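S.K.: Sending over structure29.pdb (PDB, C-alpha atoms and all ligand atoms).
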```pdb
MODEL        1
ATOM      1  CA  MET A   9       0.000   0.000   0.000  1.00  0.00           C
ATOM      2  CA  THR A  10       1.494   3.389  -1.050  1.00  0.00           C
ATOM      3  CA  GLU A  11       2.151   5.890   1.726  1.00  0.00           C
ATOM      4  CA  LYS A  12      -0.299   8.770   1.821  1.00  0.00           C
ATOM      5  CA  VAL A  13       1.065  12.205   0.882  1.00  0.00           C
ATOM      6  CA  ARG A  14       1.570  14.134   4.148  1.00  0.00           C
ATOM      7  CA  VAL A  15      -0.030  17.613   4.066  1.00  0.00           C
ATOM      8  CA  ALA A  16       0.611  20.502   6.479  1.00  0.00           C
ATOM      9  CA  ILE A  17      -1.745  23.492   6.307  1.00  0.00           C
ATOM     10  CA  LEU A  18      -0.732  27.005   7.437  1.00  0.00           C
ATOM     11  CA  ILE A  19      -3.485  29.403   8.500  1.00  0.00           C
ATOM     12  CA  SER A  20      -3.814  32.828  10.158  1.00  0.00           C
ATOM     13  CA  GLY A  21      -7.543  33.154  10.750  1.00  0.00           C
ATOM     14  CA  GLY A  22     -10.890  31.341  10.512  1.00  0.00           C
ATOM     15  CA  GLY A  23      -9.559  28.545   8.348  1.00  0.00           C
ATOM     16  CA  SER A  24     -12.582  27.868   6.125  1.00  0.00           C
ATOM     17  CA  ASN A  25     -10.294  26.752   3.281  1.00  0.00           C
ATOM     18  CA  MET A  26      -8.384  24.533   5.720  1.00  0.00           C
ATOM     19  CA  VAL A  27     -11.632  22.843   6.783  1.00  0.00           C
ATOM     20  CA  LYS A  28     -12.542  22.127   3.136  1.00  0.00           C
ATOM     21  CA  LEU A  29      -9.064  20.701   2.479  1.00  0.00           C
ATOM     22  CA  VAL A  30      -9.176  18.460   5.564  1.00  0.00           C
ATOM     23  CA  GLU A  31     -12.738  17.284   4.851  1.00  0.00           C
ATOM     24  CA  SER A  32     -11.725  16.455   1.251  1.00  0.00           C
ATOM     25  CA  MET A  33      -8.910  14.154   2.388  1.00  0.00           C
ATOM     26  CA  SER A  34     -11.210  11.182   2.869  1.00  0.00           C
ATOM     27  CA  ALA A  35     -10.198   7.517   3.014  1.00  0.00           C
ATOM     28  CA  ASP A  36      -9.734   7.143  -0.753  1.00  0.00           C
ATOM     29  CA  HIS A  37      -7.744  10.370  -1.052  1.00  0.00           C
ATOM     30  CA  PRO A  38      -4.010  10.106  -1.878  1.00  0.00           C
ATOM     31  CA  ALA A  39      -3.138  12.562   0.921  1.00  0.00           C
ATOM     32  CA  LYS A  40      -3.729  13.040   4.635  1.00  0.00           C
ATOM     33  CA  PRO A  41      -3.511  16.102   6.907  1.00  0.00           C
ATOM     34  CA  VAL A  42      -0.661  15.875   9.433  1.00  0.00           C
ATOM     35  CA  LEU A  43      -0.616  19.415  10.887  1.00  0.00           C
ATOM     36  CA  VAL A  44      -2.497  22.702  10.997  1.00  0.00           C
ATOM     37  CA  LEU A  45      -0.093  25.493  11.978  1.00  0.00           C
ATOM     38  CA  SER A  46      -0.922  29.133  12.714  1.00  0.00           C
ATOM     39  CA  ASN A  47       1.025  32.332  13.330  1.00  0.00           C
ATOM     40  CA  ASP A  48      -1.801  33.371  15.677  1.00  0.00           C
ATOM     41  CA  PRO A  49      -2.409  31.184  18.776  1.00  0.00           C
ATOM     42  CA  ALA A  50      -5.975  32.592  18.929  1.00  0.00           C
ATOM     43  CA  ALA A  51      -6.857  31.783  15.296  1.00  0.00           C
ATOM     44  CA  ALA A  52     -10.396  30.318  15.200  1.00  0.00           C
ATOM     45  CA  GLY A  53      -9.206  27.818  12.603  1.00  0.00           C
ATOM     46  CA  LEU A  54      -7.120  25.995  15.233  1.00  0.00           C
ATOM     47  CA  ASP A  55     -10.242  24.943  17.142  1.00  0.00           C
ATOM     48  CA  ARG A  56     -11.864  23.848  13.868  1.00  0.00           C
ATOM     49  CA  ALA A  57      -8.809  21.709  13.068  1.00  0.00           C
ATOM     50  CA  ARG A  58      -8.836  20.151  16.546  1.00  0.00           C
ATOM     51  CA  ALA A  59     -12.530  19.327  16.087  1.00  0.00           C
ATOM     52  CA  LEU A  60     -11.560  17.517  12.855  1.00  0.00           C
ATOM     53  CA  GLY A  61      -8.897  15.531  14.739  1.00  0.00           C
ATOM     54  CA  VAL A  62      -5.880  17.144  13.054  1.00  0.00           C
ATOM     55  CA  PRO A  63      -2.773  17.941  15.164  1.00  0.00           C
ATOM     56  CA  VAL A  64      -2.321  21.693  15.626  1.00  0.00           C
ATOM     57  CA  ALA A  65       0.468  24.066  16.591  1.00  0.00           C
ATOM     58  CA  SER A  66       1.017  27.806  16.647  1.00  0.00           C
ATOM     59  CA  VAL A  67       3.953  30.206  16.668  1.00  0.00           C
ATOM     60  CA  ASP A  68       2.986  33.790  17.496  1.00  0.00           C
ATOM     61  CA  HIS A  69       4.803  36.091  15.047  1.00  0.00           C
ATOM     62  CA  ARG A  70       4.300  39.221  17.179  1.00  0.00           C
ATOM     63  CA  PRO A  71       7.116  38.701  19.728  1.00  0.00           C
ATOM     64  CA  PHE A  72       9.563  38.535  16.779  1.00  0.00           C
ATOM     65  CA  GLY A  73       8.656  42.005  15.545  1.00  0.00           C
ATOM     66  CA  LYS A  74      10.425  42.629  12.207  1.00  0.00           C
ATOM     67  CA  ASP A  75      12.814  39.670  12.636  1.00  0.00           C
ATOM     68  CA  ARG A  76      11.238  37.372  10.029  1.00  0.00           C
ATOM     69  CA  ALA A  77      14.213  35.006  10.025  1.00  0.00           C
ATOM     70  CA  MET A  78      13.840  34.281  13.748  1.00  0.00           C
ATOM     71  CA  PHE A  79      10.073  33.871  13.399  1.00  0.00           C
ATOM     72  CA  GLU A  80      10.563  31.429  10.539  1.00  0.00           C
ATOM     73  CA  THR A  81      13.154  29.449  12.486  1.00  0.00           C
ATOM     74  CA  ALA A  82      10.554  29.012  15.231  1.00  0.00           C
ATOM     75  CA  LEU A  83       7.845  28.192  12.658  1.00  0.00           C
ATOM     76  CA  LEU A  84      10.037  25.511  11.065  1.00  0.00           C
ATOM     77  CA  ALA A  85      10.309  23.506  14.285  1.00  0.00           C
ATOM     78  CA  PRO A  86       6.709  22.131  14.405  1.00  0.00           C
ATOM     79  CA  LEU A  87       6.501  22.140  10.607  1.00  0.00           C
ATOM     80  CA  LEU A  88       9.575  19.985   9.986  1.00  0.00           C
ATOM     81  CA  ALA A  89       8.617  17.742  12.911  1.00  0.00           C
ATOM     82  CA  ALA A  90       5.402  16.903  11.019  1.00  0.00           C
ATOM     83  CA  GLN A  91       7.482  15.827   7.981  1.00  0.00           C
ATOM     84  CA  PRO A  92       5.106  17.222   5.355  1.00  0.00           C
ATOM     85  CA  ASP A  93       5.446  16.266   1.703  1.00  0.00           C
ATOM     86  CA  VAL A  94       3.204  19.186   0.722  1.00  0.00           C
ATOM     87  CA  VAL A  95       2.563  22.523   2.487  1.00  0.00           C
ATOM     88  CA  CYS A  96      -0.699  24.370   1.803  1.00  0.00           C
ATOM     89  CA  LEU A  97      -0.974  28.056   2.676  1.00  0.00           C
ATOM     90  CA  ALA A  98      -4.661  28.689   3.367  1.00  0.00           C
ATOM     91  CA  GLY A  99      -5.340  32.243   4.482  1.00  0.00           C
ATOM     92  CA  PHE A 100      -1.784  32.436   5.883  1.00  0.00           C
ATOM     93  CA  MET A 101      -1.103  36.160   5.960  1.00  0.00           C
ATOM     94  CA  ARG A 102       2.646  36.312   6.691  1.00  0.00           C
ATOM     95  CA  VAL A 103       4.924  36.878   3.680  1.00  0.00           C
ATOM     96  CA  LEU A 104       7.588  34.137   3.754  1.00  0.00           C
ATOM     97  CA  THR A 105      11.233  34.833   2.936  1.00  0.00           C
ATOM     98  CA  PRO A 106      12.852  33.308  -0.205  1.00  0.00           C
ATOM     99  CA  GLY A 107      14.975  31.106   2.070  1.00  0.00           C
ATOM    100  CA  PHE A 108      11.895  29.592   3.722  1.00  0.00           C
ATOM    101  CA  VAL A 109      10.146  29.142   0.376  1.00  0.00           C
ATOM    102  CA  ALA A 110      13.225  27.440  -1.104  1.00  0.00           C
ATOM    103  CA  ARG A 111      13.004  24.716   1.581  1.00  0.00           C
ATOM    104  CA  PHE A 112       9.650  23.651   0.128  1.00  0.00           C
ATOM    105  CA  ALA A 113      10.373  24.423  -3.536  1.00  0.00           C
ATOM    106  CA  GLY A 114       7.839  22.775  -5.834  1.00  0.00           C
ATOM    107  CA  ARG A 115       5.675  21.468  -2.957  1.00  0.00           C
ATOM    108  CA  MET A 116       4.174  24.589  -1.336  1.00  0.00           C
ATOM    109  CA  LEU A 117       0.770  25.838  -2.589  1.00  0.00           C
ATOM    110  CA  ASN A 118      -1.214  28.984  -1.867  1.00  0.00           C
ATOM    111  CA  ILE A 119      -4.758  30.161  -2.585  1.00  0.00           C
ATOM    112  CA  HIS A 120      -5.189  33.783  -3.626  1.00  0.00           C
ATOM    113  CA  PRO A 121      -8.561  35.538  -4.056  1.00  0.00           C
ATOM    114  CA  SER A 122      -8.058  36.949  -7.563  1.00  0.00           C
ATOM    115  CA  LEU A 123      -7.499  35.768 -11.152  1.00  0.00           C
ATOM    116  CA  LEU A 124      -3.686  35.996 -11.059  1.00  0.00           C
ATOM    117  CA  PRO A 125      -1.651  37.564 -12.511  1.00  0.00           C
ATOM    118  CA  LYS A 126      -4.297  40.236 -11.874  1.00  0.00           C
ATOM    119  CA  TYR A 127      -4.245  41.799  -8.398  1.00  0.00           C
ATOM    120  CA  PRO A 128      -1.423  40.153  -6.453  1.00  0.00           C
ATOM    121  CA  GLY A 129      -1.332  41.316  -2.801  1.00  0.00           C
ATOM    122  CA  LEU A 130      -4.244  42.639  -0.797  1.00  0.00           C
ATOM    123  CA  HIS A 131      -7.734  44.165  -1.338  1.00  0.00           C
ATOM    124  CA  THR A 132      -8.263  42.104  -4.485  1.00  0.00           C
ATOM    125  CA  HIS A 133     -12.064  42.380  -4.593  1.00  0.00           C
ATOM    126  CA  GLN A 134     -12.169  46.165  -4.164  1.00  0.00           C
ATOM    127  CA  ARG A 135      -9.537  46.501  -6.895  1.00  0.00           C
ATOM    128  CA  ALA A 136     -11.617  44.368  -9.277  1.00  0.00           C
ATOM    129  CA  LEU A 137     -14.681  46.511  -8.514  1.00  0.00           C
ATOM    130  CA  ASP A 138     -12.729  49.772  -8.916  1.00  0.00           C
ATOM    131  CA  ALA A 139     -11.490  48.552 -12.318  1.00  0.00           C
ATOM    132  CA  GLY A 140     -15.043  47.711 -13.413  1.00  0.00           C
ATOM    133  CA  ASP A 141     -14.154  44.064 -14.085  1.00  0.00           C
ATOM    134  CA  ALA A 142     -16.992  41.806 -15.313  1.00  0.00           C
ATOM    135  CA  GLU A 143     -15.559  38.790 -13.577  1.00  0.00           C
ATOM    136  CA  ALA A 144     -13.369  37.930 -10.588  1.00  0.00           C
ATOM    137  CA  GLY A 145     -12.182  34.691  -9.033  1.00  0.00           C
ATOM    138  CA  CYS A 146      -9.454  32.814  -7.234  1.00  0.00           C
ATOM    139  CA  THR A 147      -6.185  31.078  -8.022  1.00  0.00           C
ATOM    140  CA  VAL A 148      -4.187  28.242  -6.501  1.00  0.00           C
ATOM    141  CA  HIS A 149      -0.514  28.581  -7.361  1.00  0.00           C
ATOM    142  CA  GLU A 150       2.825  27.128  -6.405  1.00  0.00           C
ATOM    143  CA  VAL A 151       4.634  29.418  -3.958  1.00  0.00           C
ATOM    144  CA  THR A 152       7.878  30.950  -5.217  1.00  0.00           C
ATOM    145  CA  ALA A 153      10.064  33.806  -3.965  1.00  0.00           C
ATOM    146  CA  ASP A 154       7.922  36.284  -5.956  1.00  0.00           C
ATOM    147  CA  LEU A 155       4.718  37.044  -4.018  1.00  0.00           C
ATOM    148  CA  ASP A 156       1.589  35.574  -5.662  1.00  0.00           C
ATOM    149  CA  ALA A 157       3.536  34.911  -8.888  1.00  0.00           C
ATOM    150  CA  GLY A 158       4.297  31.151  -8.927  1.00  0.00           C
ATOM    151  CA  PRO A 159       3.053  28.646 -11.558  1.00  0.00           C
ATOM    152  CA  ILE A 160      -0.750  28.467 -11.619  1.00  0.00           C
ATOM    153  CA  LEU A 161      -2.258  25.112 -10.589  1.00  0.00           C
ATOM    154  CA  GLY A 162      -5.937  26.105 -10.724  1.00  0.00           C
ATOM    155  CA  GLN A 163      -8.397  28.940 -11.268  1.00  0.00           C
ATOM    156  CA  ALA A 164     -12.113  29.528 -10.804  1.00  0.00           C
ATOM    157  CA  ARG A 165     -14.182  32.466 -12.050  1.00  0.00           C
ATOM    158  CA  VAL A 166     -17.273  34.234 -10.756  1.00  0.00           C
ATOM    159  CA  PRO A 167     -19.337  37.023 -12.294  1.00  0.00           C
ATOM    160  CA  VAL A 168     -19.205  40.504 -10.779  1.00  0.00           C
ATOM    161  CA  LEU A 169     -22.863  41.403 -10.256  1.00  0.00           C
ATOM    162  CA  PRO A 170     -24.549  44.826 -10.253  1.00  0.00           C
ATOM    163  CA  GLY A 171     -24.455  46.316  -6.743  1.00  0.00           C
ATOM    164  CA  ASP A 172     -21.585  44.087  -5.633  1.00  0.00           C
ATOM    165  CA  THR A 173     -19.482  45.305  -2.717  1.00  0.00           C
ATOM    166  CA  ALA A 174     -16.080  43.923  -1.753  1.00  0.00           C
ATOM    167  CA  ASP A 175     -17.874  41.821   0.869  1.00  0.00           C
ATOM    168  CA  THR A 176     -20.506  40.322  -1.425  1.00  0.00           C
ATOM    169  CA  LEU A 177     -17.881  39.584  -4.070  1.00  0.00           C
ATOM    170  CA  SER A 178     -15.494  38.128  -1.489  1.00  0.00           C
ATOM    171  CA  ALA A 179     -18.225  35.758  -0.278  1.00  0.00           C
ATOM    172  CA  ARG A 180     -18.932  34.573  -3.823  1.00  0.00           C
ATOM    173  CA  VAL A 181     -15.222  34.036  -4.499  1.00  0.00           C
ATOM    174  CA  LEU A 182     -14.730  32.220  -1.176  1.00  0.00           C
ATOM    175  CA  GLY A 183     -17.425  29.753  -2.213  1.00  0.00           C
ATOM    176  CA  MET A 184     -15.339  28.919  -5.294  1.00  0.00           C
ATOM    177  CA  GLU A 185     -12.121  28.756  -3.236  1.00  0.00           C
ATOM    178  CA  HIS A 186     -13.726  25.995  -1.186  1.00  0.00           C
ATOM    179  CA  ARG A 187     -14.236  23.944  -4.357  1.00  0.00           C
ATOM    180  CA  LEU A 188     -10.995  24.825  -6.163  1.00  0.00           C
ATOM    181  CA  TYR A 189      -8.387  24.191  -3.458  1.00  0.00           C
ATOM    182  CA  PRO A 190      -9.509  20.590  -2.675  1.00  0.00           C
ATOM    183  CA  ALA A 191      -9.661  19.819  -6.428  1.00  0.00           C
ATOM    184  CA  VAL A 192      -6.113  21.115  -6.944  1.00  0.00           C
ATOM    185  CA  LEU A 193      -4.748  19.332  -3.869  1.00  0.00           C
ATOM    186  CA  ARG A 194      -6.129  15.957  -4.995  1.00  0.00           C
ATOM    187  CA  ARG A 195      -4.611  16.360  -8.466  1.00  0.00           C
ATOM    188  CA  PHE A 196      -1.298  17.633  -7.044  1.00  0.00           C
ATOM    189  CA  ALA A 197      -1.126  14.728  -4.578  1.00  0.00           C
ATOM    190  CA  GLU A 198      -1.602  12.363  -7.535  1.00  0.00           C
ATOM    191  CA  GLY A 199       1.492  13.967  -9.114  1.00  0.00           C
ATOM    192  CA  ASP A 200      -0.483  15.813 -11.802  1.00  0.00           C
ATOM    193  CA  ARG A 201       0.264  19.524 -12.157  1.00  0.00           C
ATOM    194  CA  THR A 202      -2.215  20.141 -15.001  1.00  0.00           C
ATOM    195  CA  PRO A 203      -4.152  23.257 -13.951  1.00  0.00           C
ATOM    196  CA  VAL A 204      -7.694  22.729 -12.645  1.00  0.00           C
ATOM    197  CA  LEU A 205     -10.116  25.155 -14.306  1.00  0.00           C
ATOM    198  CA  LEU A 206     -13.507  25.145 -12.567  1.00  0.00           C
ATOM    199  CA  PRO A 207     -16.539  26.306 -14.559  1.00  0.00           C
ATOM    200  CA  ALA A 208     -18.307  29.404 -13.230  1.00  0.00           C
ATOM    201  CA  ALA A 209     -20.852  28.542 -10.520  1.00  0.00           C
TER     202      ALA A 209
HETATM  203  C1  LIG A 301      -9.298  33.570   1.668  1.00  0.00           C
HETATM  204  O1  LIG A 301     -10.103  34.407   0.868  1.00  0.00           O
HETATM  205  C2  LIG A 301      -7.967  33.392   0.999  1.00  0.00           C
HETATM  206  O2  LIG A 301      -8.002  33.437  -0.427  1.00  0.00           O
HETATM  207  C3  LIG A 301      -7.223  34.575   1.501  1.00  0.00           C
HETATM  208  O3  LIG A 301      -7.602  34.691   2.853  1.00  0.00           O
HETATM  209  C4  LIG A 301      -8.930  34.207   2.992  1.00  0.00           C
HETATM  210  C5  LIG A 301      -8.855  33.192   4.116  1.00  0.00           C
HETATM  211  O4  LIG A 301      -9.993  32.628   4.415  1.00  0.00           O
HETATM  212  N1  LIG A 301      -5.789  34.434   1.378  1.00  0.00           N
HETATM  213  P1  LIG A 301     -10.062  31.358   5.427  1.00  0.00           P
HETATM  214  O5  LIG A 301      -9.176  31.662   6.611  1.00  0.00           O
HETATM  215  O6  LIG A 301      -9.573  30.155   4.672  1.00  0.00           O
HETATM  216  O7  LIG A 301     -11.500  31.287   5.788  1.00  0.00           O
ENDMDL
END
```
Hey, can you dump this file as structure tokens for me?

M.R.:
Amino acid sequence: MTEKVRVAILISGGGSNMVKLVESMSADHPAKPVLVLSNDPAAAGLDRARALGVPVASVDHRPFGKDRAMFETALLAPLLAAQPDVVCLAGFMRVLTPGFVARFAGRMLNIHPSLLPKYPGLHTHQRALDAGDAEAGCTVHEVTADLDAGPILGQARVPVLPGDTADTLSARVLGMEHRLYPAVLRRFAEGDRTPVLLPAA
């Protein structure tokens, strides 16, 4: 019997994407969750992971101030101890240094709430509205040293509707994130990097 692909998930907040990833890793799935790790000990997602029976850990980034290298050294301890084959960033809001990213080259994924390469960074929904875009969406990509710029592994689109606010659009996009990320993770864990393109909901 082949060993399951070991997946660690990094979160900063509520962890709704993390929950969808964990729930998707059912018995017939090629991967299994081995750790949920947060940079915020009070992140609501940690309780949700515990309730799903996944080991959790947290390393508070605040005591490290601007010293990202020291924070990442502390973050690596529980992460490497879990021996992940794949690392999924799911609403993890700390920008990782190139050195950290290089440790997981080709096996670290991130979900971003825009149709990359459009709108890397923050406030993606407001920027799509300000630009008068007809559609928005989300992207799962491989993490590289360039923020939100790694090879695309999946995308899903949603229409921008009349009267949309950043909140209403964000909710519609989040719904697609919850479908896209599990679909990409399954394919990635099977060794297939062909991008997943989900039809509009
Ligand atoms: C998601 O929209 C994700 O794309 C972005 O942060 C949000 C996190 O949501 N990076 P959750 O913590 O997974 O609910």

S.K.: Check which residues satisfy the PyMOL selection byres (((chain A and resi 119) around 6) and not hetatm) in the file shown, then give them as a list in words.

M.R.: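 That expression, the PyMOL selection byres (((chain A and resi 119) around 6) and not hetatm), corresponds here to Asn118, His120, Thr147 and Val148 of chain A.
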
S.K.: Going by the chain IDs and residue numbers used in this file, which residues fall under the PyMOL selection byres (((chain A and resi 80) around 10) and not hetatm)? Write them as a ChimeraX atom specification.

M.R.: /A:47,67,69,72,75-79,81-85,104-105,107-108

S.K.: How would the residues just picked look written out with C-alpha atoms as a short mmCIF file (atom, residue, chain, number, x, y, z; two decimals), in the frame of the given file?

M.R.:
```cif
data_model
loop_
_atom_site.label_atom_id
_atom_site.label_comp_id
_atom_site.auth_asym_id
_atom_site.auth_seq_id
_atom_site.Cartn_x
_atom_site.Cartn_y
_atom_site.Cartn_z
CA ASN A 47 1.02 32.33 13.33
CA VAL A 67 3.95 30.21 16.67
CA HIS A 69 4.80 36.09 15.05
CA PHE A 72 9.56 38.53 16.78
CA ASP A 75 12.81 39.67 12.64
CA ARG A 76 11.24 37.37 10.03
CA ALA A 77 14.21 35.01 10.02
CA MET A 78 13.84 34.28 13.75
CA PHE A 79 10.07 33.87 13.40
CA THR A 81 13.15 29.45 12.49
CA ALA A 82 10.55 29.01 15.23
CA LEU A 83 7.84 28.19 12.66
CA LEU A 84 10.04 25.51 11.06
CA ALA A 85 10.31 23.51 14.28
CA LEU A 104 7.59 34.14 3.75
CA THR A 105 11.23 34.83 2.94
CA GLY A 107 14.98 31.11 2.07
CA PHE A 108 11.90 29.59 3.72
#
```

S.K.: Please list as a list in words every residue within 10 Å of Glu185 (chain A), counting all atoms listed in the file and excluding residues in the same chain fewer than 5 positions away.

M.R.: Ser24, Asn25, Lys28, Ala98, Ile119, His120, Pro121, Gly145, Cys146, Thr147, Val148, Gln163, Ala164, Arg165, Ala179, Arg180, Pro190 and Ala191 of chain A

S.K.: Smallest atom-to-atom distance to ligand LIG 301 (chain A): which of A:Val109, A:Leu29, A:Leu137, A:Ala197, using only C-alpha atoms and all ligand atoms?

M.R.: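 Looking at the shortest contact to ligand LIG 301 (chain A), the residue is A:Leu29.
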
S.K.: My list of candidates is A:Gly61, A:Pro38, A:Gly183, A:Pro92. Which is closest to Ile17 (chain A) when distances are computed with all atoms listed in the file?

M.R.: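 The closest residue to Ile17 (chain A) is A:Pro92.
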
S.K.: Decode the PyMOL selection byres (((chain A and resi 100) around 8) and not hetatm) for the given file into explicit residues and return them as a list in words.

M.R.: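 For this structure, the PyMOL selection byres (((chain A and resi 100) around 8) and not hetatm) captures Leu18, Ile19, Ser20, Gly21, Ser46, Asn47, Leu97, Ala98, Gly99, Met101 and Arg102 of chain A.
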
S.K.: What gap, in Å, lies between CA of Leu87 (chain A) and CA of Phe196 (chain A)?

M.R.: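 For CA of Leu87 (chain A) relative to CA of Phe196 (chain A), the distance reads 19.8 Å.
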
S.K.: Using all atoms listed in the file, can you tell me which of A:Gly129, A:Pro170, A:Pro203, A:Pro41 comes closest to ligand LIG 301 (chain A)?

M.R.: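 Once distances to ligand LIG 301 (chain A) are computed over all atoms listed in the file, the minimum belongs to A:Gly129.
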
S.K.: Please check which residues have atoms at most 7 Å from (3.2, 23.2, -6.4) in the file's coordinates, counting all atoms listed in the file, and write them as a CSV table (one decimal) with C-alpha atoms, keeping the file's coordinate frame.

M.R.:
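Below is the file part03.csv, written as the result:
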```csv
chain,number,residue,atom,x,y,z
A,114,GLY,CA,7.8,22.8,-5.8
A,115,ARG,CA,5.7,21.5,-3.0
A,116,MET,CA,4.2,24.6,-1.3
A,117,LEU,CA,0.8,25.8,-2.6
A,149,HIS,CA,-0.5,28.6,-7.4
A,150,GLU,CA,2.8,27.1,-6.4
A,151,VAL,CA,4.6,29.4,-4.0
```
